[in-house]
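coords03.cif, holding mmCIF, C-alpha atoms:
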data_start
loop_
_atom_site.label_atom_id
_atom_site.label_comp_id
_atom_site.auth_asym_id
_atom_site.auth_seq_id
_atom_site.Cartn_x
_atom_site.Cartn_y
_atom_site.Cartn_z
CA MET A 1 83.54 151.61 4.39
CA LYS A 2 84.12 151.41 0.63
CA THR A 3 85.56 148.18 -0.79
CA MET A 4 88.74 149.05 -2.71
CA ASN A 5 90.54 147.26 -5.49
CA ILE A 6 93.88 147.45 -3.70
CA THR A 7 96.08 144.48 -2.93
CA PRO A 8 98.12 144.41 0.29
CA PHE A 9 101.68 145.70 0.03
CA GLU A 10 104.09 142.85 -0.74
CA GLN A 11 106.63 144.27 1.69
CA LYS A 12 105.36 145.78 4.90
CA ILE A 13 105.20 149.56 5.13
CA TRP A 14 106.62 150.33 8.56
CA LEU A 15 105.85 153.17 10.90
CA ALA A 16 109.53 154.17 10.97
CA SER A 17 112.26 151.70 10.10
CA PRO A 18 116.04 152.24 9.96
CA THR A 19 117.36 153.76 6.73
CA MET A 20 120.88 152.50 6.02
CA HIS A 21 123.24 154.08 3.48
CA GLY A 22 126.34 151.84 3.53
CA ASP A 23 128.68 154.22 5.34
CA GLU A 24 127.73 152.50 8.57
CA LEU A 25 129.64 149.37 7.51
CA LYS A 26 132.78 151.39 6.93
CA TRP A 27 132.98 152.45 10.54
CA ILE A 28 131.91 149.06 11.88
CA HIS A 29 134.75 147.47 9.86
CA ASP A 30 137.10 150.17 11.16
CA ALA A 31 136.28 149.12 14.73
CA PHE A 32 136.90 145.45 13.84
CA GLU A 33 140.19 146.17 12.09
CA LYS A 34 141.46 148.21 15.05
CA ASN A 35 139.99 145.67 17.52
CA TRP A 36 138.05 148.30 19.44
CA ILE A 37 135.14 145.96 20.22
CA THR A 38 134.33 147.59 23.51
CA THR A 39 132.82 150.71 25.07
CA ALA A 40 135.75 152.86 23.95
CA GLY A 41 137.25 153.76 20.61
CA GLU A 42 137.45 156.26 17.78
CA ASN A 43 133.81 155.88 16.74
CA ILE A 44 132.58 156.87 20.19
CA ASN A 45 134.97 159.81 20.38
CA GLU A 46 133.97 161.05 16.93
CA VAL A 47 130.21 160.68 17.47
CA GLU A 48 130.43 162.57 20.77
CA LYS A 49 132.34 165.36 19.00
CA GLN A 50 129.96 165.50 16.02
CA ILE A 51 126.79 165.59 18.11
CA ALA A 52 128.14 168.24 20.50
CA GLU A 53 129.13 170.48 17.58
CA TYR A 54 125.82 169.93 15.79
CA VAL A 55 123.48 170.71 18.68
CA GLY A 56 125.71 173.46 20.07
CA CYS A 57 126.81 172.18 23.46
CA LYS A 58 130.30 171.68 24.87
CA TYR A 59 130.04 168.01 25.83
CA ALA A 60 128.16 164.93 24.66
CA VAL A 61 128.48 161.55 26.38
CA ALA A 62 127.61 158.46 24.34
CA LEU A 63 125.45 155.97 26.26
CA SER A 64 123.75 152.64 25.63
CA CYS A 65 120.30 154.14 25.05
CA GLY A 66 118.24 157.29 25.43
CA THR A 67 116.76 155.98 28.67
CA ALA A 68 120.26 155.70 30.15
CA ALA A 69 120.87 159.33 29.21
CA LEU A 70 117.61 160.34 30.87
CA HIS A 71 118.49 158.38 33.98
CA MET A 72 121.89 160.05 34.23
CA ALA A 73 120.29 163.48 33.72
CA VAL A 74 117.68 162.89 36.43
CA LYS A 75 120.33 161.50 38.78
CA LEU A 76 122.53 164.55 38.23
CA ALA A 77 119.62 166.92 38.80
CA GLY A 78 118.66 165.14 42.01
CA GLU A 79 122.19 165.28 43.36
CA ARG A 80 122.51 168.96 42.44
CA LEU A 81 119.20 169.80 44.11
CA TYR A 82 119.24 167.56 47.19
CA GLY A 83 122.83 166.48 47.71
CA GLN A 84 124.25 163.00 48.07
CA PRO A 85 121.51 160.50 48.96
CA LYS A 86 121.61 158.00 51.79
CA PRO A 87 122.85 154.50 50.93
CA ASN A 88 120.35 152.54 48.83
CA GLN A 89 118.30 155.67 48.12
CA GLY A 90 117.88 157.58 44.87
CA THR A 91 118.97 161.17 44.50
CA LEU A 92 115.38 162.47 44.36
CA GLN A 93 114.67 161.08 47.84
CA GLY A 94 110.88 161.12 47.55
CA HIS A 95 110.59 164.60 46.02
CA LYS A 96 107.98 165.38 43.39
CA VAL A 97 108.96 166.00 39.76
CA LEU A 98 106.73 167.71 37.17
CA CYS A 99 106.68 165.55 34.02
CA SER A 100 105.25 165.53 30.51
CA ASP A 101 102.11 163.42 30.40
CA LEU A 102 101.76 162.65 26.69
CA THR A 103 104.99 160.75 26.13
CA PHE A 104 106.61 157.31 26.17
CA ASP A 105 107.25 155.98 29.66
CA ALA A 106 111.03 156.11 29.18
CA THR A 107 110.72 159.87 29.76
CA VAL A 108 109.43 159.47 33.30
CA ASN A 109 110.66 156.06 34.51
CA PRO A 110 114.06 157.51 35.56
CA VAL A 111 112.19 159.61 38.13
CA ALA A 112 111.09 156.33 39.74
CA TYR A 113 114.62 154.91 39.40
CA GLU A 114 115.82 157.78 41.60
CA ASP A 115 112.98 157.47 44.14
CA GLY A 116 111.09 160.53 42.97
CA GLU A 117 107.33 160.94 42.52
CA ALA A 118 106.09 161.98 39.09
CA VAL A 119 103.39 164.64 38.84
CA PHE A 120 101.96 164.64 35.32
CA ILE A 121 101.31 167.91 33.50
CA ASP A 122 98.58 167.97 30.88
CA THR A 123 99.18 168.69 27.21
CA GLU A 124 98.45 171.79 25.13
CA ALA A 125 96.75 171.52 21.74
CA ASP A 126 99.18 173.75 19.81
CA THR A 127 102.15 171.35 19.78
CA TRP A 128 100.89 168.34 21.81
CA ASN A 129 103.54 169.01 24.45
CA MET A 130 103.58 170.10 28.10
CA ASP A 131 101.08 172.91 28.72
CA PRO A 132 102.77 175.95 30.32
CA ASP A 133 99.45 176.98 31.92
CA ALA A 134 99.10 173.57 33.55
CA LEU A 135 102.75 173.76 34.62
CA GLU A 136 102.14 177.11 36.30
CA LYS A 137 99.12 175.63 38.07
CA ALA A 138 101.24 172.69 39.24
CA PHE A 139 103.73 175.05 40.86
CA GLU A 140 100.87 176.80 42.63
CA ILE A 141 99.85 173.43 44.09
CA TYR A 142 103.42 172.15 44.64
CA PRO A 143 105.59 175.29 45.11
CA ASP A 144 108.54 173.30 46.51
CA VAL A 145 109.11 171.25 43.34
CA LYS A 146 112.51 171.89 41.78
CA LEU A 147 112.65 169.62 38.73
CA ILE A 148 110.77 169.47 35.40
CA VAL A 149 111.11 166.63 32.87
CA ILE A 150 109.78 167.59 29.44
CA ALA A 151 109.63 165.65 26.16
CA HIS A 152 109.31 166.98 22.60
CA LEU A 153 106.61 164.73 21.18
CA TYR A 154 107.14 163.13 17.75
CA GLY A 155 109.94 165.55 16.91
CA THR A 156 107.95 168.75 17.58
CA PRO A 157 109.44 171.21 20.08
CA GLY A 158 107.34 172.28 23.03
CA LYS A 159 106.80 175.87 24.21
CA MET A 160 110.24 176.10 25.79
CA ALA A 161 110.38 179.88 26.24
CA GLU A 162 107.30 179.84 28.45
CA ILE A 163 108.39 176.68 30.26
CA ARG A 164 111.88 178.09 30.86
CA GLU A 165 110.38 181.31 32.26
CA ILE A 166 108.22 179.34 34.69
CA ALA A 167 111.15 177.13 35.71
CA ASP A 168 113.32 180.17 36.42
CA LYS A 169 110.50 181.80 38.39
CA TYR A 170 110.36 178.82 40.77
CA GLY A 171 114.07 177.99 40.71
CA ALA A 172 113.54 174.64 38.97
CA LEU A 173 115.86 172.66 36.72
CA ILE A 174 114.78 171.18 33.37
CA VAL A 175 115.65 167.74 32.01
CA GLU A 176 114.92 167.86 28.29
CA ASP A 177 113.95 164.61 26.59
CA ALA A 178 114.87 165.25 22.94
CA ALA A 179 114.95 161.53 22.12
CA GLU A 180 112.48 162.02 19.26
CA SER A 181 113.55 165.50 18.15
CA LEU A 182 117.22 165.42 17.07
CA GLY A 183 117.58 168.07 14.39
CA ALA A 184 114.46 170.02 15.41
CA THR A 185 114.96 173.66 16.37
CA TYR A 186 113.15 176.11 18.61
CA LYS A 187 113.78 179.82 18.04
CA GLY A 188 116.93 178.92 16.15
CA LYS A 189 118.37 176.55 18.76
CA GLN A 190 118.56 172.79 18.61
CA THR A 191 116.40 170.80 20.99
CA GLY A 192 118.47 169.05 23.61
CA ILE A 193 120.22 172.24 24.74
CA LEU A 194 117.14 174.22 25.80
CA GLY A 195 117.04 172.84 29.35
CA ASP A 196 119.68 172.21 32.00
CA TYR A 197 120.32 168.64 30.86
CA GLY A 198 119.56 167.20 27.43
CA CYS A 199 119.11 163.67 26.10
CA ILE A 200 118.73 162.17 22.63
CA SER A 201 118.16 158.64 21.33
CA PHE A 202 119.49 156.52 18.47
CA ASN A 203 116.93 153.74 18.84
CA GLY A 204 116.12 151.76 15.70
CA ASN A 205 113.11 153.88 14.75
CA LYS A 206 114.62 157.33 15.36
CA ILE A 207 115.58 159.96 12.77
CA ILE A 208 119.09 158.49 12.70
CA THR A 209 119.94 155.24 14.43
CA GLY A 210 122.61 152.99 15.81
CA SER A 211 120.03 150.24 16.42
CA SER A 212 120.32 151.47 20.00
CA GLY A 213 122.28 154.16 21.79
CA GLY A 214 121.73 157.58 23.29
CA MET A 215 123.55 160.76 24.19
CA PHE A 216 123.72 162.98 27.26
CA LEU A 217 124.22 166.68 26.43
CA THR A 218 125.68 169.36 28.70
CA ASN A 219 127.85 172.47 28.87
CA SER A 220 129.34 171.34 32.19
CA LYS A 221 132.61 169.40 32.14
CA GLU A 222 131.94 168.29 35.70
CA ASP A 223 128.58 166.81 34.73
CA ALA A 224 130.01 165.14 31.63
CA ASP A 225 132.79 163.59 33.70
CA LYS A 226 130.30 162.36 36.30
CA VAL A 227 128.13 160.71 33.64
CA ARG A 228 131.17 159.03 32.09
CA LYS A 229 132.16 157.72 35.50
CA TRP A 230 128.66 156.58 36.56
CA SER A 231 128.10 154.92 33.19
CA THR A 232 131.25 152.81 33.53
CA GLN A 233 130.31 151.29 36.91
CA SER A 234 131.68 154.29 38.86
CA ARG A 235 135.22 152.98 38.80
CA GLU A 236 137.70 155.12 40.72
CA ALA A 237 141.20 156.04 39.49
CA ALA A 238 142.89 153.10 41.20
CA PRO A 239 144.97 150.22 39.79
CA TRP A 240 142.25 147.80 40.95
CA TYR A 241 138.47 148.00 40.72
CA GLN A 242 137.59 150.58 43.36
CA HIS A 243 133.96 151.65 43.80
CA GLU A 244 132.83 154.41 46.14
CA GLU A 245 129.35 154.98 44.71
CA ILE A 246 126.76 153.05 42.70
CA GLY A 247 127.54 152.78 39.00
CA TYR A 248 125.89 151.54 35.80
CA ASN A 249 126.89 149.68 32.65
CA TYR A 250 125.58 152.44 30.40
CA ARG A 251 128.37 153.30 27.93
CA MET A 252 127.77 153.04 24.19
CA SER A 253 129.48 150.26 22.26
CA ASN A 254 132.10 151.33 19.72
CA ILE A 255 130.25 149.14 17.18
CA ILE A 256 126.96 150.97 17.79
CA ALA A 257 128.84 154.27 17.58
CA GLY A 258 130.11 153.19 14.16
CA VAL A 259 126.52 152.84 12.92
CA VAL A 260 125.62 156.28 14.33
CA ARG A 261 128.78 157.74 12.79
CA GLY A 262 127.76 156.40 9.40
CA GLN A 263 124.20 157.71 9.81
CA PHE A 264 125.04 161.20 11.02
CA PRO A 265 125.95 162.74 7.61
CA TYR A 266 122.44 161.84 6.42
CA LEU A 267 120.52 163.55 9.23
CA ALA A 268 119.52 166.58 7.13
CA GLU A 269 118.41 164.31 4.29
CA HIS A 270 116.31 162.21 6.65
CA ILE A 271 114.62 165.32 8.03
CA GLU A 272 113.81 166.58 4.53
CA ARG A 273 112.33 163.23 3.55
CA LYS A 274 110.27 163.08 6.75
CA LYS A 275 109.03 166.62 6.07
CA ALA A 276 107.99 165.58 2.55
CA ILE A 277 105.99 162.67 4.02
CA TYR A 278 104.23 165.07 6.41
CA GLU A 279 103.40 167.51 3.62
CA ARG A 280 102.07 164.76 1.32
CA TYR A 281 99.74 163.60 4.08
CA GLN A 282 98.69 167.18 4.71
CA ALA A 283 97.78 167.64 1.05
CA GLY A 284 96.39 164.17 0.44
CA LEU A 285 94.08 164.14 3.46
CA LYS A 286 92.73 167.61 2.77
CA GLY A 287 88.95 167.68 2.89
CA LEU A 288 88.71 164.88 5.43
CA PRO A 289 87.52 165.70 8.97
CA MET A 290 91.03 165.35 10.39
CA SER A 291 94.17 167.44 10.84
CA MET A 292 97.91 166.80 11.10
CA ASN A 293 99.91 167.02 14.31
CA PRO A 294 100.48 170.76 14.81
CA TYR A 295 103.56 172.85 15.48
CA ASP A 296 104.36 176.52 16.06
CA ILE A 297 105.41 177.60 12.55
CA GLU A 298 106.86 180.89 13.84
CA ALA A 299 108.94 179.48 16.70
CA SER A 300 109.95 175.97 15.73
CA VAL A 301 111.08 173.68 12.94
CA PRO A 302 110.25 170.04 13.76
CA ASN A 303 112.23 167.09 12.45
CA PHE A 304 108.88 165.55 11.39
CA TRP A 305 109.92 162.19 12.86
CA LEU A 306 106.34 160.87 12.87
CA SER A 307 103.40 162.21 10.90
CA CYS A 308 100.23 162.01 12.99
CA ALA A 309 96.58 162.82 12.45
CA LEU A 310 93.76 163.95 14.73
CA ILE A 311 90.16 163.11 13.76
CA ASP A 312 87.59 165.84 14.33
CA GLU A 313 85.45 165.11 17.36
CA SER A 314 82.29 165.33 15.25
CA ALA A 315 83.66 162.71 12.83
CA MET A 316 84.48 160.05 15.43
CA CYS A 317 82.58 156.77 15.16
CA LYS A 318 82.03 154.75 18.33
CA GLN A 319 85.31 153.44 19.76
CA VAL A 320 85.92 151.65 23.05
CA ARG A 321 89.35 150.81 24.41
CA GLY A 322 90.23 148.43 27.20
CA GLU A 323 93.69 147.93 28.65
CA GLN A 324 94.90 145.89 25.68
CA GLU A 325 92.10 145.71 23.11
CA ALA A 326 89.83 148.12 21.25
CA LEU A 327 86.49 147.90 19.42
CA TYR A 328 84.69 150.24 17.06
CA ILE A 329 81.45 150.49 15.09
CA HIS A 330 81.81 151.89 11.57
CA LYS A 331 79.52 154.71 10.53
CA CYS A 332 79.40 156.27 7.08
CA GLY A 333 81.22 159.62 7.02
CA LYS A 334 82.97 158.88 10.31
CA SER A 335 85.91 156.83 11.51
CA CYS A 336 88.28 156.41 14.49
CA PRO A 337 91.94 155.54 15.09
CA THR A 338 91.14 151.87 15.71
CA GLU A 339 89.33 151.51 12.38
CA ILE A 340 92.06 153.27 10.41
CA LEU A 341 94.86 151.31 12.07
CA ASP A 342 93.05 147.99 11.59
CA THR A 343 92.42 148.82 7.93
CA LEU A 344 96.05 149.81 7.33
CA ALA A 345 97.15 146.54 8.94
CA LYS A 346 94.96 144.58 6.48
CA TYR A 347 96.98 146.12 3.67
CA ASN A 348 100.29 145.36 5.41
CA ALA A 349 101.00 148.90 6.61
CA GLU A 350 101.92 149.84 10.18
CA GLY A 351 100.46 152.75 12.09
CA ARG A 352 100.24 153.24 15.85
CA PRO A 353 97.97 154.85 18.41
CA ILE A 354 99.20 158.07 19.94
CA TRP A 355 101.22 157.52 23.13
CA LYS A 356 98.80 156.70 25.92
CA PRO A 357 99.13 159.50 28.51
CA MET A 358 101.12 158.57 31.57
CA HIS A 359 98.32 159.46 34.00
CA MET A 360 96.17 156.81 32.28
CA GLN A 361 98.81 154.07 32.57
CA PRO A 362 98.14 151.41 35.24
CA ILE A 363 101.58 151.89 36.77
CA TYR A 364 101.08 155.66 37.21
CA ARG A 365 97.31 155.84 37.59
CA ASN A 366 97.50 157.03 41.20
CA SER A 367 100.04 159.77 40.50
CA PRO A 368 98.97 163.43 40.59
CA PHE A 369 97.79 164.87 37.28
CA ILE A 370 97.43 168.61 36.65
CA THR A 371 95.28 170.24 33.96
CA ALA A 372 95.42 173.91 33.00
CA GLN A 373 92.34 174.67 35.12
CA GLY A 374 93.44 172.60 38.09
CA ASN A 375 94.12 169.11 39.37
CA GLY A 376 91.73 166.61 37.82
CA ARG A 377 91.24 163.32 36.01
CA ALA A 378 89.11 162.41 33.02
CA ARG A 379 85.63 161.01 33.48
CA SER A 380 84.88 158.00 31.27
CA ASN A 381 85.34 158.85 27.58
CA ALA A 382 84.26 162.48 27.90
CA TYR A 383 87.80 163.69 28.69
CA ILE A 384 86.49 166.30 31.05
CA ALA A 385 88.54 166.63 34.21
CA ASP A 386 86.86 166.69 37.62
CA ASN A 387 87.40 170.42 37.89
CA GLY A 388 85.66 171.08 34.57
CA GLY A 389 88.81 171.47 32.45
CA ILE A 390 89.49 169.39 29.35
CA ASP A 391 91.97 166.55 29.66
CA VAL A 392 93.79 167.45 26.44
CA GLY A 393 96.23 164.53 26.40
CA ALA A 394 93.50 161.93 26.84
CA ASP A 395 91.50 163.56 24.06
CA ILE A 396 94.47 163.45 21.67
CA PHE A 397 95.03 159.80 22.58
CA ASN A 398 91.38 159.05 21.87
CA ARG A 399 91.19 160.80 18.49
CA GLY A 400 94.78 160.67 17.24
CA LEU A 401 96.98 158.16 15.44
CA CYS A 402 100.53 157.88 14.10
CA LEU A 403 100.58 157.31 10.34
CA PRO A 404 103.14 155.23 8.43
CA SER A 405 106.12 157.60 8.31
CA ASP A 406 108.89 155.40 7.01
CA ILE A 407 111.57 157.14 4.94
CA ASN A 408 111.77 154.02 2.75
CA MET A 409 108.11 154.41 1.75
CA THR A 410 107.71 155.57 -1.87
CA GLU A 411 105.43 158.41 -2.89
CA GLU A 412 103.24 155.89 -4.74
CA GLN A 413 102.93 153.74 -1.62
CA GLN A 414 102.03 156.79 0.47
CA ASN A 415 99.34 157.75 -2.04
CA ILE A 416 97.83 154.27 -1.61
CA ILE A 417 97.90 154.70 2.18
CA ILE A 418 96.10 158.03 1.80
CA GLU A 419 93.45 156.30 -0.33
CA ILE A 420 93.06 153.60 2.33
CA ILE A 421 92.57 156.25 5.02
CA ARG A 422 90.00 158.07 2.89
CA SER A 423 88.05 154.83 2.43
CA CYS A 424 87.55 154.56 6.19
CA PHE A 425 85.29 157.65 6.14
CA GLU A 426 83.08 156.32 3.30
#
Please re-express this file's structure in structure tokens.
Amino acid sequence: MKTMNITPFEQKIWLASPTMHGDELKWIHDAFEKNWITTAGENINEVEKQIAEYVGCKYAVALSCGTAALHMAVKLAGERLYGQPKPNQGTLQGHKVLCSDLTFDATVNPVAYEDGEAVFIDTEADTWNMDPDALEKAFEIYPDVKLIVIAHLYGTPGKMAEIREIADKYGALIVEDAAESLGATYKGKQTGILGDYGCISFNGNKIITGSSGGMFLTNSKEDADKVRKWSTQSREAAPWYQHEEIGYNYRMSNIIAGVVRGQFPYLAEHIERKKAIYERYQAGLKGLPMSMNPYDIEASVPNFWLSCALIDESAMCKQVRGEQEALYIHKCGKSCPTEILDTLAKYNAEGRPIWKPMHMQPIYRNSPFITAQGNGRARSNAYIADNGGIDVGADIFNRGLCLPSDINMTEEQQNIIIEIIRSCFE
């Protein structure tokens, strides 16, 4: 690797940090002045209205985080499919659920919360999302499954037309995890309303943020009312605290809603700035043996939340990963995610590995995993499933990385990061 005359950044370049504009304080102060320091108030009402109008659904329910929204969506789906559960049992009652594999575990943990069994569906190379061919294969193996949980990775929509067609064919519902993809569209529609239940997140690193917070999206008033009830400890309409079913403390704070309310007018600006970061990487890394995270240019418009890169297989130096550590051996003309991330860190810039696929996680390692050619798991580092098919998600994890994608990063700083990345191949 070439020695460069570059000093580390004085202030850390983050992967994706919050971008505040000042309007957030206005609505926080409004909550203080009106003394709505609780899980009710004008900020919550307004944010629910704004998000519902923006994405194009009838109802949005503001919750404490995106995971809470996913849990409520999975719980609703389970109750709709299998009826009221027995006491102390989740609504999925041991049933299998077909889930995205290349995602953060918050996508699939709610399946476990509701006593379901996740079956992981491999990834396709075109968008890095759930592979419709693998999904079809999963239904051939598990024809009784009635629920799909799909995530749109890094703000890029998956192949929802094909997935919706398969779901309808087998009479399955779809929970859509749009936590990372607020503002992204697929065939002219916003993500979050492409399934039966939609969820978004306002976590601190998302395209707009409240520091935390999430939103459940639906066209059903009955479902919206149920989520509001469940998320406020399932209190009944009685003058005392009356509880007839299990509830949760999942409602969004009016203070958090004030931050989201102040952020929302800047969503389009954030997306444009994220897109510019993606395009600068695309141009600046041209000629290197690597490519940017792909999307279907004809069907979708991502929000470009995170810019990622995939190193060509022929340009990978030796890299070995354990459960918590990784090693590599540099070779001229080649590199690997570990080398690039370590080098960026030396210059005070943050990147990340691609999400580790769920079927490779210790907690889910014994769960079923379906590739497009059949049911199989990767062998060693070859990423060839037992049935001969390629384990696409594991391969992307091995060769891919998330690049610094912070809106607050200047063009000059990004150019330096590009130079640092280039040096790793020399």
Give me the residues near range 237-244 of chain A as a list of chain:residue names, where near means some atom within 12 Å (using only C-alpha atoms) and where sequence neighbours in that chain fewer than 6 positions away do not count. A:Pro87, A:Lys229, A:Trp230
Any chance you could resolve the PyMOL selection byres ((chain A and resi 342-358) around 9) against this file and give the residues as a PDB file with C-alpha atoms, in the coordinates of the input?
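Generated output (selection14.pdb):
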ATOM      1  CA  ILE A   6      93.880 147.450  -3.700  1.00  0.00           C
ATOM      2  CA  THR A   7      96.080 144.480  -2.930  1.00  0.00           C
ATOM      3  CA  PRO A   8      98.120 144.410   0.290  1.00  0.00           C
ATOM      4  CA  PHE A   9     101.680 145.700   0.030  1.00  0.00           C
ATOM      5  CA  GLU A  10     104.090 142.850  -0.740  1.00  0.00           C
ATOM      6  CA  GLN A  11     106.630 144.270   1.690  1.00  0.00           C
ATOM      7  CA  LYS A  12     105.360 145.780   4.900  1.00  0.00           C
ATOM      8  CA  ILE A  13     105.200 149.560   5.130  1.00  0.00           C
ATOM      9  CA  TRP A  14     106.620 150.330   8.560  1.00  0.00           C
ATOM     10  CA  LEU A  15     105.850 153.170  10.900  1.00  0.00           C
ATOM     11  CA  ALA A  16     109.530 154.170  10.970  1.00  0.00           C
ATOM     12  CA  SER A 100     105.250 165.530  30.510  1.00  0.00           C
ATOM     13  CA  ASP A 101     102.110 163.420  30.400  1.00  0.00           C
ATOM     14  CA  LEU A 102     101.760 162.650  26.690  1.00  0.00           C
ATOM     15  CA  THR A 103     104.990 160.750  26.130  1.00  0.00           C
ATOM     16  CA  PHE A 104     106.610 157.310  26.170  1.00  0.00           C
ATOM     17  CA  ASP A 105     107.250 155.980  29.660  1.00  0.00           C
ATOM     18  CA  VAL A 108     109.430 159.470  33.300  1.00  0.00           C
ATOM     19  CA  PHE A 120     101.960 164.640  35.320  1.00  0.00           C
ATOM     20  CA  ASP A 122      98.580 167.970  30.880  1.00  0.00           C
ATOM     21  CA  CYS A 308     100.230 162.010  12.990  1.00  0.00           C
ATOM     22  CA  PRO A 337      91.940 155.540  15.090  1.00  0.00           C
ATOM     23  CA  THR A 338      91.140 151.870  15.710  1.00  0.00           C
ATOM     24  CA  GLU A 339      89.330 151.510  12.380  1.00  0.00           C
ATOM     25  CA  ILE A 340      92.060 153.270  10.410  1.00  0.00           C
ATOM     26  CA  LEU A 341      94.860 151.310  12.070  1.00  0.00           C
ATOM     27  CA  HIS A 359      98.320 159.460  34.000  1.00  0.00           C
ATOM     28  CA  MET A 360      96.170 156.810  32.280  1.00  0.00           C
ATOM     29  CA  GLN A 361      98.810 154.070  32.570  1.00  0.00           C
ATOM     30  CA  PRO A 362      98.140 151.410  35.240  1.00  0.00           C
ATOM     31  CA  ILE A 363     101.580 151.890  36.770  1.00  0.00           C
ATOM     32  CA  TYR A 364     101.080 155.660  37.210  1.00  0.00           C
ATOM     33  CA  ARG A 365      97.310 155.840  37.590  1.00  0.00           C
ATOM     34  CA  GLY A 393      96.230 164.530  26.400  1.00  0.00           C
ATOM     35  CA  ALA A 394      93.500 161.930  26.840  1.00  0.00           C
ATOM     36  CA  ILE A 396      94.470 163.450  21.670  1.00  0.00           C
ATOM     37  CA  PHE A 397      95.030 159.800  22.580  1.00  0.00           C
ATOM     38  CA  ASN A 398      91.380 159.050  21.870  1.00  0.00           C
ATOM     39  CA  ARG A 399      91.190 160.800  18.490  1.00  0.00           C
ATOM     40  CA  GLY A 400      94.780 160.670  17.240  1.00  0.00           C
ATOM     41  CA  LEU A 401      96.980 158.160  15.440  1.00  0.00           C
ATOM     42  CA  CYS A 402     100.530 157.880  14.100  1.00  0.00           C
ATOM     43  CA  LEU A 403     100.580 157.310  10.340  1.00  0.00           C
ATOM     44  CA  PRO A 404     103.140 155.230   8.430  1.00  0.00           C
ATOM     45  CA  SER A 405     106.120 157.600   8.310  1.00  0.00           C
ATOM     46  CA  ILE A 417      97.900 154.700   2.180  1.00  0.00           C
ATOM     47  CA  ILE A 420      93.060 153.600   2.330  1.00  0.00           C
ATOM     48  CA  ILE A 421      92.570 156.250   5.020  1.00  0.00           C
ATOM     49  CA  CYS A 424      87.550 154.560   6.190  1.00  0.00           C
TER      50      CYS A 424
END
Select, from A:Met160, A:Met130, A:Leu285, A:Val175, the residue with the minimum atom-to-atom distance to Leu76 in chain A, counting only C-alpha atoms. A:Val175
One decimal, in Å: what's the spacing between CA of Glu42 in chain A and CA of Thr218 in chain A?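 About the pair CA of Glu42 in chain A and CA of Thr218 in chain A: they are 20.7 Å apart.
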With 4 Å added on each side, what axis-aligned box encloses every listed atom of range 340-345 of chain A? Give the centre and edge lengths in Å to one decimal, as JSON.
{"center_x": 94.6, "center_y": 149.9, "center_z": 9.7, "size_x": 13.1, "size_y": 14.7, "size_z": 12.7}
Got a sec to check which residues sit within 8 Å of (131.5, 151.6, 18.9), counting all atoms listed in the file, and write them as a PyMOL selection string? chain A and resi 28+31+36-44+252-259
Any idea what's packed within 8 Å of Met72 in chain A, counting only C-alpha atoms, ignoring anything in its chain fewer than 3 positions away? Could you give it as a list in words?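 What passes the distance filter is Ala68, Ala69, Lys75, Leu76, Phe216, Val227 and Trp230 of chain A.
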Considering only C-alpha atoms, return as a list in words whatever protein or nucleic-acid residues lie within 12 Å of Tyr278 in chain A, sequence-local ones (same chain, fewer than 6 positions apart) excluded.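 Answer for this query is Tyr154, Gly155, Ile271, Glu272, Gly284, Leu285, Ser291, Met292, Asn293, Pro294, Tyr295, Pro302, Asn303, Phe304, Trp305, Leu306, Ser307, Cys308, Ala309, Cys402, Leu403, Pro404, Ser405, Asp406, Ile407, Glu411, Gln414 and Ile418 of chain A.
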Hey, which of A:Ile277, A:Val97, A:Leu288, A:Cys332 ends up closest to Asn415 in chain A? Count all atoms listed in the file. A:Ile277
So which residues are close to (109.0, 164.1, 45.2), meaning at most 6 Å away in the file's coordinates with only C-alpha atoms counted, and can you show them as a ChimeraX atom specification? /A:94-97,116-117
Starting from the PyMOL selection byres ((chain A and resi 107) around 9), expand the selection into actual residues of this file and give them as a ChimeraX atom specification. /A:67,70-71,99-100,103-106,108-111,149-151,177,179
Selection to disk with C-alpha atoms, as a PDB file, keeping the file's coordinate frame:
ATOM      1  CA  THR A  67     116.760 155.980  28.670  1.00  0.00           C
ATOM      2  CA  LEU A  70     117.610 160.340  30.870  1.00  0.00           C
ATOM      3  CA  HIS A  71     118.490 158.380  33.980  1.00  0.00           C
ATOM      4  CA  CYS A  99     106.680 165.550  34.020  1.00  0.00           C
ATOM      5  CA  SER A 100     105.250 165.530  30.510  1.00  0.00           C
ATOM      6  CA  THR A 103     104.990 160.750  26.130  1.00  0.00           C
ATOM      7  CA  PHE A 104     106.610 157.310  26.170  1.00  0.00           C
ATOM      8  CA  ASP A 105     107.250 155.980  29.660  1.00  0.00           C
ATOM      9  CA  ALA A 106     111.030 156.110  29.180  1.00  0.00           C
ATOM     10  CA  VAL A 108     109.430 159.470  33.300  1.00  0.00           C
ATOM     11  CA  ASN A 109     110.660 156.060  34.510  1.00  0.00           C
ATOM     12  CA  PRO A 110     114.060 157.510  35.560  1.00  0.00           C
ATOM     13  CA  VAL A 111     112.190 159.610  38.130  1.00  0.00           C
ATOM     14  CA  VAL A 149     111.110 166.630  32.870  1.00  0.00           C
ATOM     15  CA  ILE A 150     109.780 167.590  29.440  1.00  0.00           C
ATOM     16  CA  ALA A 151     109.630 165.650  26.160  1.00  0.00           C
ATOM     17  CA  ASP A 177     113.950 164.610  26.590  1.00  0.00           C
ATOM     18  CA  ALA A 179     114.950 161.530  22.120  1.00  0.00           C
TER      19      ALA A 179
END
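Atom pair CA of Gly66 in chain A / CA of Tyr170 in chain A has a distance of 27.6 Å (rounded to one decimal).
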Reference answer for the PyMOL selection byres ((chain A and resi 234) around 7), as a PyMOL selection string: chain A and resi 229-233+235-236+243+245-247
